[in-house]
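Chemist: Provided herewith is a single structure, encoded as structure tokens, for subsequent inquiry.
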Amino acid sequence: MVSVTRTAFGELPSGGGTVEKFQLRSEQLSVDIISWGCTITALHVKDRQGKASDVVLGFAELEGYLQKQPYFGAVVGRVANRIAKGRFAVDGKEYHLPINREPNSLHGGFRGFDKVLWTPQVLSNGVQFSRVSPDGEEGYPGELKVWVTYTLDGGELVINYRAQASQTTPVNLTNHSYFNLAGQGSPNIYDHEVTIAADAYLPVDDTLIPTGVIAPVEGTAFDLRKPVELGRHLQDHHIHGFDHNFCLQGSKEKHFCARVRHAGSGRVLEVYTTQPGVQFYTGNFLDGTLRGKGGAVYPKHSGFCLETQNWPDAVNQPRFPPALLRPGEEYNHTTWFKFSVA
């Protein structure tokens with residue numbers, strides 16, 4: 001059984017509207033999602049003793065989400081990740097996007113899908129958010145109708161993304177939750193054991209744009225096909241963290257993506273997706289300046305993201321999976337976050 005409760009979360013400034021919160025509860029999980037950016041604000045998961053902790057970084061009040069912050073829990077789009085120099089061409093016409101992360105466009109621009117109010121509809125086991133992204137929003141061509149649906153099934157949180165376009169446009173939607181399976185506010189994720197089912201990854205240049213090479217993980221720090229303890233792995237390979245796309249199997253069907261286990265609590269997160277890639281990010285840009293829930297501070301490496309998505313800059317890279325949605329087609333992807341204890 002899943003219960004869904006709806007409450008007010010806060011008021012946007014200058015009469016911008018009411019942000020609502022939806023709490024989905026099952027026997028195993030409790031998830032809070034707000035209509036601002038379809039943002040997951042809390043996710044309570046039991047440990048092996050049966051004690052529930054909140055395992056996502058974020059804020060208790062709306063003000064936290066309205067300040068400059070690193071996309072905690074939000075849906076990002078119209079195109080997640082980076083587009084090189086904010087430029088791409090569709091059918092010979094060049095488009096220029098706002099450069100919000102020099103020298104590139106990141107996560108949809110200055111006012112992406114994370115910074116808008118969505119229209120909610122309560123379902124029996126979840127909530128569906130919808131919005132229409134107007135033609136030209138943040139420089140993107142065509143009107144885009146978007147639906148993001150969160151449902152709960154036992155220990156599994158399922159996110160489905162659908163979109164339809166009036167003109168050909170790139171689309172790439174994901175959720176940017178930062179997890180810490182020891183509980184949000186824990187100082188780091190070094191004791192997390194990570195597995196990612198990828199035989200290849202995308203090397204990047206110094207602005208974090210893929211070079212175009214699809215590199216085998218074999219014999220590199222990016223070989224996470226067998227479980228590694230994150231802290232030790234970063235030390236052994238002398239790397240400062242991950243912020244890379246891992247190339248998953250090309251199937252459009254549901255496939256295994258990643259598994260993260262926290263030995264101390266026994267919590268396990270498994271991710272399945274229909275997407276061709278996952279951006280594994282270890283919170284390298286977190287710097288402890290933001291005050292989160294319960295007065296928590298979020299220093300570097302205090303959370304990780306598994307952003308299931310198309311490969312970064314795919315709209316400019318002919319060897320990458322197709323990034324364009326054409327009129328009459330439907331963008332439809334699903335990601336499953338399955339929580340358990342071991």
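We name chains A, B, ... following the order of the structure tokens; residues begin at 1 in each chain, and ligands are numbered from 1 as shown.
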Write out as a ChimeraX atom specification the set of residues from region 115-339 of chain A that DSSP, computed on the backbone, places in strand (DSSP E).
Modeler: /A:119-123,126-133,144-153,156-165,169-170,174-175,192-196,200-201,215-216,228-229,243-247,255-262,267-273,277-281,305-309,324-325,331-339
Chemist: If we count only C-alpha atoms, what is near Asn332 (chain A) at a cut-off of 8 Å, once residues fewer than 3 positions away on the same chain are taken out, given as a ChimeraX atom specification?
Modeler: /A:160-163
Chemist: Take the residues from that selection and write them out as a PDB file, in the first residue's frame, keeping N, CA, C and O atoms.
Modeler:
ATOM      1  N   ASN A 160       9.408   8.335 -14.142  1.00  0.00           N
ATOM      2  CA  ASN A 160       9.206   8.260 -15.588  1.00  0.00           C
ATOM      3  C   ASN A 160       9.175   9.674 -16.171  1.00  0.00           C
ATOM      4  O   ASN A 160       8.554  10.577 -15.602  1.00  0.00           O
ATOM      5  N   TYR A 161       9.857   9.846 -17.292  1.00  0.00           N
ATOM      6  CA  TYR A 161       9.941  11.140 -17.977  1.00  0.00           C
ATOM      7  C   TYR A 161       9.354  10.981 -19.384  1.00  0.00           C
ATOM      8  O   TYR A 161       9.775  10.092 -20.126  1.00  0.00           O
ATOM      9  N   ARG A 162       8.397  11.859 -19.726  1.00  0.00           N
ATOM     10  CA  ARG A 162       7.847  11.855 -21.087  1.00  0.00           C
ATOM     11  C   ARG A 162       7.863  13.269 -21.632  1.00  0.00           C
ATOM     12  O   ARG A 162       7.694  14.231 -20.881  1.00  0.00           O
ATOM     13  N   ALA A 163       8.067  13.386 -22.942  1.00  0.00           N
ATOM     14  CA  ALA A 163       8.047  14.711 -23.562  1.00  0.00           C
ATOM     15  C   ALA A 163       7.619  14.604 -25.017  1.00  0.00           C
ATOM     16  O   ALA A 163       7.889  13.599 -25.686  1.00  0.00           O
TER      17      ALA A 163
END
Chemist: Using only C-alpha atoms, find the one residue out of A:Ser265, A:Gln164, A:Ser124, A:Gln275 that sits nearest to Ser340 (chain A).
Modeler: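 Result for the nearest residue to Ser340 (chain A): A:Ser265.
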Chemist: Using only C-alpha atoms, determine which residues lie at most 10 Å from His237 (chain A), disregarding the query and same-chain residues fewer than 6 positions distant; provide the list as an MDAnalysis selection string.
Modeler: chainID A and resid 220:222
Chemist: As a ChimeraX atom specification, please: the residues near Asp206 (chain A) (cut-off 12 Å, only C-alpha atoms, same-chain neighbours under 3 positions excluded).
Modeler: /A:84,102-104,203,209-211,243
